[in-house]
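Asker: After the structure tokens below, expect a handful of questions from me.
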Amino acid sequence: MALVSEDIARHPALRRHVQAQSRTLLQTYEANPRLASVFATQQRWLMAHIGLALYFNREPDDHRKGLTSARFMDDICRHSVASRNTADAFLKEMLHYGFIPHLPIKYGRIRPFEPTAGTLETVAGWVMAHLRTLDSLDSLDSGFRLAAFVAQPDMLAKLQPLVADGLISSHAVREPRQTFSLFTWLDNGGIVMDWLMSGVDPDHADLDRIPTGVVSIGDFANWLKLSRTHLSRKLGDAEELGSVGWLGQRGHSVMWVSSEFYQEYMTAQAVKLAIIDAAFDNCVVTSQAS
């Protein structure tokens, strides 16, 4: 039975396992920053999931029913994720960088897209990082999810559209809390939060002001390939909310995050993990039934 977000959020080991998950996602970013950045802002993250779901749900012998410009933009607008212009620009960017090239077939003016093997490998790595966390939190089925996913190469095609549906339909995902929302609209904002939280010692997470290990905004911005000015502005907004600050001189000492911001992050992770677990459970039940 799939874990629910409330149980995940209350799990005593959640902090430590989410920290490990964050570090894994940061390694993915380091390996391919441009591709990983697709999953690092809320809007692009949701658009990517919608596009992948269209691809995986395609008709085997008719790619017009798969990932095409028209279908992608229709789905983006239907779910109110972005404007048609933003969706079109995103698709063209993915094509330009070779993440989703055109298939070598045409249906009149329709030219379907297909994710590369490298793109799908990165998506699979994202899924595996979360399945590993779920396995660590589940004393009854420890290790089952990741092992099952690795043993069934076709599971990604079944699992990802269910994850996409869960994310798109979740109010908690679409309407995150205040400070979390600040970063979800920042370029690489998800990576910013993973970086901040990965440096938190779980044993210090009950403090009002939790040290992160981040000292230099410049080094932070350079590693993330972000404008230092833009990042400083966002951190300033978060500072005004009382969500981040510095233990000493601003910009020259260790940055802290508030206990409220840390809890927002953990709650968001619990919601996401529950969606992924429900999708996995659905896949397993469907496989057993067939």
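As shown in the structure tokens, the chain order sets the letters A, B, ...; within each chain, residues go from 1, and ligands are also counted from 1 in the order they appear.
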Applying 9 Å and only C-alpha atoms, which residues near Pro101 of chain A remain after dropping the ones on its own chain fewer than 3 positions away? List them as a list in words.

Answerer: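 My reading of the contact set: Met94, Leu95, His96, Tyr97, Gly98, Pro112, Phe113, Glu114, Pro115 and Thr116 of chain A.
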
Asker: Please list as a ChimeraX atom specification every residue within 10 Å of Asp74 of chain A, counting only C-alpha atoms and excluding residues in the same chain fewer than 4 positions away.

Answerer: /A:68-70,78-80,83-84,87

Asker: Restricting the calculation to only C-alpha atoms: of A:Lys225, A:His11, A:Arg23, A:Arg16, which residue gets closest to Ala205 of chain A?

Answerer: A:Arg16

Asker: So which residues touch Pro33 of chain A within 9 Å, counting only C-alpha atoms, skipping near sequence neighbours fewer than 4 positions away, as a list in words?

Answerer: Thr28, Tyr29, Ser37, Val38, Leu224 and Lys225 of chain A

Asker: Using DSSP on the backbone coordinates, identify the residues of segment 132-228 of chain A assigned to alpha helix (DSSP H); present them as a PDB file with N, CA and C atoms, in the first residue's frame.

Answerer:
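This is the output file selection.pdb:
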ATOM      1  N   ARG A 132      14.325   5.467  -3.940  1.00  0.00           N
ATOM      2  CA  ARG A 132      15.286   5.097  -2.895  1.00  0.00           C
ATOM      3  C   ARG A 132      14.879   5.716  -1.556  1.00  0.00           C
ATOM      4  N   THR A 133      14.425   6.963  -1.583  1.00  0.00           N
ATOM      5  CA  THR A 133      13.957   7.609  -0.358  1.00  0.00           C
ATOM      6  C   THR A 133      12.748   6.884   0.207  1.00  0.00           C
ATOM      7  N   LEU A 134      11.797   6.558  -0.656  1.00  0.00           N
ATOM      8  CA  LEU A 134      10.592   5.847  -0.209  1.00  0.00           C
ATOM      9  C   LEU A 134      10.943   4.493   0.394  1.00  0.00           C
ATOM     10  N   ASP A 135      11.866   3.787  -0.226  1.00  0.00           N
ATOM     11  CA  ASP A 135      12.301   2.499   0.328  1.00  0.00           C
ATOM     12  C   ASP A 135      12.898   2.680   1.720  1.00  0.00           C
ATOM     13  N   SER A 136      13.645   3.739   1.903  1.00  0.00           N
ATOM     14  CA  SER A 136      14.295   3.996   3.194  1.00  0.00           C
ATOM     15  C   SER A 136      13.289   4.318   4.287  1.00  0.00           C
ATOM     16  N   LEU A 137      12.124   4.849   3.891  1.00  0.00           N
ATOM     17  CA  LEU A 137      11.107   5.241   4.869  1.00  0.00           C
ATOM     18  C   LEU A 137      10.113   4.131   5.166  1.00  0.00           C
ATOM     19  N   PHE A 144      12.168  -2.576  -2.025  1.00  0.00           N
ATOM     20  CA  PHE A 144      11.326  -3.200  -3.049  1.00  0.00           C
ATOM     21  C   PHE A 144      11.131  -2.304  -4.271  1.00  0.00           C
ATOM     22  N   ARG A 145      10.852  -1.043  -4.054  1.00  0.00           N
ATOM     23  CA  ARG A 145      10.491  -0.157  -5.158  1.00  0.00           C
ATOM     24  C   ARG A 145      11.639   0.007  -6.150  1.00  0.00           C
ATOM     25  N   LEU A 146      12.805   0.378  -5.636  1.00  0.00           N
ATOM     26  CA  LEU A 146      13.940   0.622  -6.509  1.00  0.00           C
ATOM     27  C   LEU A 146      14.332  -0.651  -7.258  1.00  0.00           C
ATOM     28  N   ALA A 147      14.343  -1.782  -6.551  1.00  0.00           N
ATOM     29  CA  ALA A 147      14.701  -3.050  -7.186  1.00  0.00           C
ATOM     30  C   ALA A 147      13.705  -3.395  -8.290  1.00  0.00           C
ATOM     31  N   ALA A 148      12.415  -3.194  -8.033  1.00  0.00           N
ATOM     32  CA  ALA A 148      11.383  -3.485  -9.039  1.00  0.00           C
ATOM     33  C   ALA A 148      11.524  -2.576 -10.244  1.00  0.00           C
ATOM     34  N   PHE A 149      11.823  -1.296 -10.007  1.00  0.00           N
ATOM     35  CA  PHE A 149      11.975  -0.339 -11.105  1.00  0.00           C
ATOM     36  C   PHE A 149      13.169  -0.709 -11.983  1.00  0.00           C
ATOM     37  N   VAL A 150      14.291  -1.046 -11.362  1.00  0.00           N
ATOM     38  CA  VAL A 150      15.503  -1.399 -12.106  1.00  0.00           C
ATOM     39  C   VAL A 150      15.293  -2.692 -12.887  1.00  0.00           C
ATOM     40  N   ALA A 151      14.520  -3.615 -12.312  1.00  0.00           N
ATOM     41  CA  ALA A 151      14.297  -4.917 -12.952  1.00  0.00           C
ATOM     42  C   ALA A 151      13.323  -4.853 -14.122  1.00  0.00           C
ATOM     43  N   MET A 155       9.082   0.112 -16.965  1.00  0.00           N
ATOM     44  CA  MET A 155       8.239   0.706 -15.929  1.00  0.00           C
ATOM     45  C   MET A 155       8.213   2.230 -16.009  1.00  0.00           C
ATOM     46  N   LEU A 156       9.289   2.843 -16.472  1.00  0.00           N
ATOM     47  CA  LEU A 156       9.306   4.303 -16.569  1.00  0.00           C
ATOM     48  C   LEU A 156       8.164   4.792 -17.450  1.00  0.00           C
ATOM     49  N   ALA A 157       7.903   4.099 -18.539  1.00  0.00           N
ATOM     50  CA  ALA A 157       6.842   4.501 -19.468  1.00  0.00           C
ATOM     51  C   ALA A 157       5.463   4.408 -18.831  1.00  0.00           C
ATOM     52  N   LYS A 158       5.295   3.517 -17.880  1.00  0.00           N
ATOM     53  CA  LYS A 158       4.009   3.370 -17.195  1.00  0.00           C
ATOM     54  C   LYS A 158       3.914   4.313 -15.987  1.00  0.00           C
ATOM     55  N   LEU A 159       5.042   4.487 -15.318  1.00  0.00           N
ATOM     56  CA  LEU A 159       5.058   5.248 -14.069  1.00  0.00           C
ATOM     57  C   LEU A 159       4.990   6.758 -14.302  1.00  0.00           C
ATOM     58  N   GLN A 160       5.776   7.262 -15.251  1.00  0.00           N
ATOM     59  CA  GLN A 160       5.893   8.712 -15.397  1.00  0.00           C
ATOM     60  C   GLN A 160       4.569   9.424 -15.700  1.00  0.00           C
ATOM     61  N   PRO A 161       3.722   8.896 -16.601  1.00  0.00           N
ATOM     62  CA  PRO A 161       2.440   9.589 -16.829  1.00  0.00           C
ATOM     63  C   PRO A 161       1.569   9.653 -15.578  1.00  0.00           C
ATOM     64  N   LEU A 162       1.634   8.643 -14.731  1.00  0.00           N
ATOM     65  CA  LEU A 162       0.871   8.657 -13.480  1.00  0.00           C
ATOM     66  C   LEU A 162       1.439   9.703 -12.517  1.00  0.00           C
ATOM     67  N   VAL A 163       2.762   9.818 -12.487  1.00  0.00           N
ATOM     68  CA  VAL A 163       3.397  10.848 -11.663  1.00  0.00           C
ATOM     69  C   VAL A 163       2.986  12.229 -12.171  1.00  0.00           C
ATOM     70  N   ALA A 164       3.018  12.400 -13.486  1.00  0.00           N
ATOM     71  CA  ALA A 164       2.633  13.687 -14.075  1.00  0.00           C
ATOM     72  C   ALA A 164       1.197  14.045 -13.703  1.00  0.00           C
ATOM     73  N   ASP A 165       0.290  13.087 -13.808  1.00  0.00           N
ATOM     74  CA  ASP A 165      -1.115  13.343 -13.443  1.00  0.00           C
ATOM     75  C   ASP A 165      -1.225  13.764 -11.981  1.00  0.00           C
ATOM     76  N   GLY A 166      -0.473  13.076 -11.115  1.00  0.00           N
ATOM     77  CA  GLY A 166      -0.521  13.387  -9.690  1.00  0.00           C
ATOM     78  C   GLY A 166       0.004  14.774  -9.385  1.00  0.00           C
ATOM     79  N   LEU A 167       1.087  15.158 -10.046  1.00  0.00           N
ATOM     80  CA  LEU A 167       1.669  16.477  -9.818  1.00  0.00           C
ATOM     81  C   LEU A 167       0.740  17.582 -10.315  1.00  0.00           C
ATOM     82  N   ILE A 168       0.199  17.396 -11.515  1.00  0.00           N
ATOM     83  CA  ILE A 168      -0.652  18.421 -12.120  1.00  0.00           C
ATOM     84  C   ILE A 168      -1.936  18.627 -11.323  1.00  0.00           C
ATOM     85  N   SER A 169      -2.459  17.556 -10.753  1.00  0.00           N
ATOM     86  CA  SER A 169      -3.743  17.638 -10.045  1.00  0.00           C
ATOM     87  C   SER A 169      -3.601  17.980  -8.564  1.00  0.00           C
ATOM     88  N   HIS A 171      -3.087  20.279  -5.495  1.00  0.00           N
ATOM     89  CA  HIS A 171      -3.141  21.687  -5.085  1.00  0.00           C
ATOM     90  C   HIS A 171      -1.874  22.057  -4.324  1.00  0.00           C
ATOM     91  N   ALA A 172      -1.380  21.146  -3.495  1.00  0.00           N
ATOM     92  CA  ALA A 172      -0.179  21.422  -2.704  1.00  0.00           C
ATOM     93  C   ALA A 172       1.031  21.650  -3.600  1.00  0.00           C
ATOM     94  N   VAL A 173       1.100  20.948  -4.732  1.00  0.00           N
ATOM     95  CA  VAL A 173       2.200  21.136  -5.671  1.00  0.00           C
ATOM     96  C   VAL A 173       2.024  22.432  -6.451  1.00  0.00           C
ATOM     97  N   ARG A 174       0.809  22.667  -6.922  1.00  0.00           N
ATOM     98  CA  ARG A 174       0.548  23.830  -7.777  1.00  0.00           C
ATOM     99  C   ARG A 174       0.538  25.146  -7.001  1.00  0.00           C
ATOM    100  N   GLN A 178       4.505  30.009   1.089  1.00  0.00           N
ATOM    101  CA  GLN A 178       5.044  31.318   0.753  1.00  0.00           C
ATOM    102  C   GLN A 178       6.507  31.320   0.330  1.00  0.00           C
ATOM    103  N   THR A 179       7.407  30.877   1.201  1.00  0.00           N
ATOM    104  CA  THR A 179       8.826  30.957   0.871  1.00  0.00           C
ATOM    105  C   THR A 179       9.177  29.958  -0.224  1.00  0.00           C
ATOM    106  N   PHE A 180       8.629  28.752  -0.151  1.00  0.00           N
ATOM    107  CA  PHE A 180       8.870  27.741  -1.173  1.00  0.00           C
ATOM    108  C   PHE A 180       8.461  28.293  -2.529  1.00  0.00           C
ATOM    109  N   SER A 181       7.334  29.005  -2.570  1.00  0.00           N
ATOM    110  CA  SER A 181       6.844  29.582  -3.816  1.00  0.00           C
ATOM    111  C   SER A 181       7.822  30.617  -4.377  1.00  0.00           C
ATOM    112  N   LEU A 182       8.494  31.364  -3.513  1.00  0.00           N
ATOM    113  CA  LEU A 182       9.484  32.343  -3.965  1.00  0.00           C
ATOM    114  C   LEU A 182      10.529  31.703  -4.862  1.00  0.00           C
ATOM    115  N   PHE A 183      10.988  30.525  -4.461  1.00  0.00           N
ATOM    116  CA  PHE A 183      12.084  29.873  -5.173  1.00  0.00           C
ATOM    117  C   PHE A 183      11.614  29.029  -6.353  1.00  0.00           C
ATOM    118  N   THR A 184      10.363  28.588  -6.349  1.00  0.00           N
ATOM    119  CA  THR A 184       9.902  27.747  -7.455  1.00  0.00           C
ATOM    120  C   THR A 184       9.849  28.520  -8.765  1.00  0.00           C
ATOM    121  N   GLY A 189      15.519  27.401  -9.216  1.00  0.00           N
ATOM    122  CA  GLY A 189      15.083  27.585  -7.833  1.00  0.00           C
ATOM    123  C   GLY A 189      15.010  26.296  -7.043  1.00  0.00           C
ATOM    124  N   GLY A 190      14.618  25.210  -7.711  1.00  0.00           N
ATOM    125  CA  GLY A 190      14.577  23.923  -7.021  1.00  0.00           C
ATOM    126  C   GLY A 190      15.966  23.495  -6.583  1.00  0.00           C
ATOM    127  N   ILE A 191      16.960  23.756  -7.448  1.00  0.00           N
ATOM    128  CA  ILE A 191      18.343  23.424  -7.105  1.00  0.00           C
ATOM    129  C   ILE A 191      18.838  24.312  -5.967  1.00  0.00           C
ATOM    130  N   VAL A 192      18.417  25.583  -5.968  1.00  0.00           N
ATOM    131  CA  VAL A 192      18.785  26.487  -4.867  1.00  0.00           C
ATOM    132  C   VAL A 192      18.316  25.899  -3.535  1.00  0.00           C
ATOM    133  N   MET A 193      17.064  25.457  -3.500  1.00  0.00           N
ATOM    134  CA  MET A 193      16.540  24.902  -2.250  1.00  0.00           C
ATOM    135  C   MET A 193      17.222  23.595  -1.893  1.00  0.00           C
ATOM    136  N   ASP A 194      17.484  22.743  -2.893  1.00  0.00           N
ATOM    137  CA  ASP A 194      18.196  21.493  -2.605  1.00  0.00           C
ATOM    138  C   ASP A 194      19.582  21.786  -2.041  1.00  0.00           C
ATOM    139  N   TRP A 195      20.252  22.798  -2.602  1.00  0.00           N
ATOM    140  CA  TRP A 195      21.586  23.160  -2.112  1.00  0.00           C
ATOM    141  C   TRP A 195      21.524  23.637  -0.664  1.00  0.00           C
ATOM    142  N   LEU A 196      20.588  24.532  -0.392  1.00  0.00           N
ATOM    143  CA  LEU A 196      20.443  25.049   0.969  1.00  0.00           C
ATOM    144  C   LEU A 196      20.170  23.918   1.963  1.00  0.00           C
ATOM    145  N   MET A 197      19.197  23.070   1.624  1.00  0.00           N
ATOM    146  CA  MET A 197      18.757  22.051   2.568  1.00  0.00           C
ATOM    147  C   MET A 197      19.731  20.881   2.674  1.00  0.00           C
ATOM    148  N   SER A 198      20.511  20.641   1.618  1.00  0.00           N
ATOM    149  CA  SER A 198      21.464  19.528   1.674  1.00  0.00           C
ATOM    150  C   SER A 198      22.572  19.802   2.679  1.00  0.00           C
ATOM    151  N   ILE A 217      27.575  33.961  -1.435  1.00  0.00           N
ATOM    152  CA  ILE A 217      26.532  34.036  -2.458  1.00  0.00           C
ATOM    153  C   ILE A 217      27.149  33.945  -3.850  1.00  0.00           C
ATOM    154  N   GLY A 218      28.345  34.558  -4.007  1.00  0.00           N
ATOM    155  CA  GLY A 218      29.006  34.527  -5.300  1.00  0.00           C
ATOM    156  C   GLY A 218      29.341  33.112  -5.730  1.00  0.00           C
ATOM    157  N   ASP A 219      29.944  32.335  -4.827  1.00  0.00           N
ATOM    158  CA  ASP A 219      30.276  30.944  -5.144  1.00  0.00           C
ATOM    159  C   ASP A 219      29.004  30.144  -5.413  1.00  0.00           C
ATOM    160  N   PHE A 220      28.002  30.406  -4.604  1.00  0.00           N
ATOM    161  CA  PHE A 220      26.705  29.748  -4.740  1.00  0.00           C
ATOM    162  C   PHE A 220      26.121  30.023  -6.129  1.00  0.00           C
ATOM    163  N   ALA A 221      26.105  31.304  -6.527  1.00  0.00           N
ATOM    164  CA  ALA A 221      25.543  31.711  -7.818  1.00  0.00           C
ATOM    165  C   ALA A 221      26.356  31.139  -8.979  1.00  0.00           C
ATOM    166  N   ASN A 222      27.685  31.147  -8.855  1.00  0.00           N
ATOM    167  CA  ASN A 222      28.535  30.618  -9.930  1.00  0.00           C
ATOM    168  C   ASN A 222      28.299  29.137 -10.143  1.00  0.00           C
ATOM    169  N   TRP A 223      28.192  28.387  -9.047  1.00  0.00           N
ATOM    170  CA  TRP A 223      27.964  26.950  -9.160  1.00  0.00           C
ATOM    171  C   TRP A 223      26.621  26.670  -9.824  1.00  0.00           C
ATOM    172  N   LEU A 224      25.622  27.484  -9.509  1.00  0.00           N
ATOM    173  CA  LEU A 224      24.286  27.304 -10.064  1.00  0.00           C
ATOM    174  C   LEU A 224      24.127  27.929 -11.446  1.00  0.00           C
ATOM    175  N   ARG A 228      24.241  36.557  -9.961  1.00  0.00           N
ATOM    176  CA  ARG A 228      24.395  36.832  -8.533  1.00  0.00           C
ATOM    177  C   ARG A 228      23.373  37.880  -8.073  1.00  0.00           C
TER     178      ARG A 228
END

Asker: For a quick check of understanding, using only C-alpha atoms, which of A:Leu231, A:Val285, A:Ala129, A:Leu25 has the smallest distance to Phe39 of chain A?

Answerer: A:Leu25
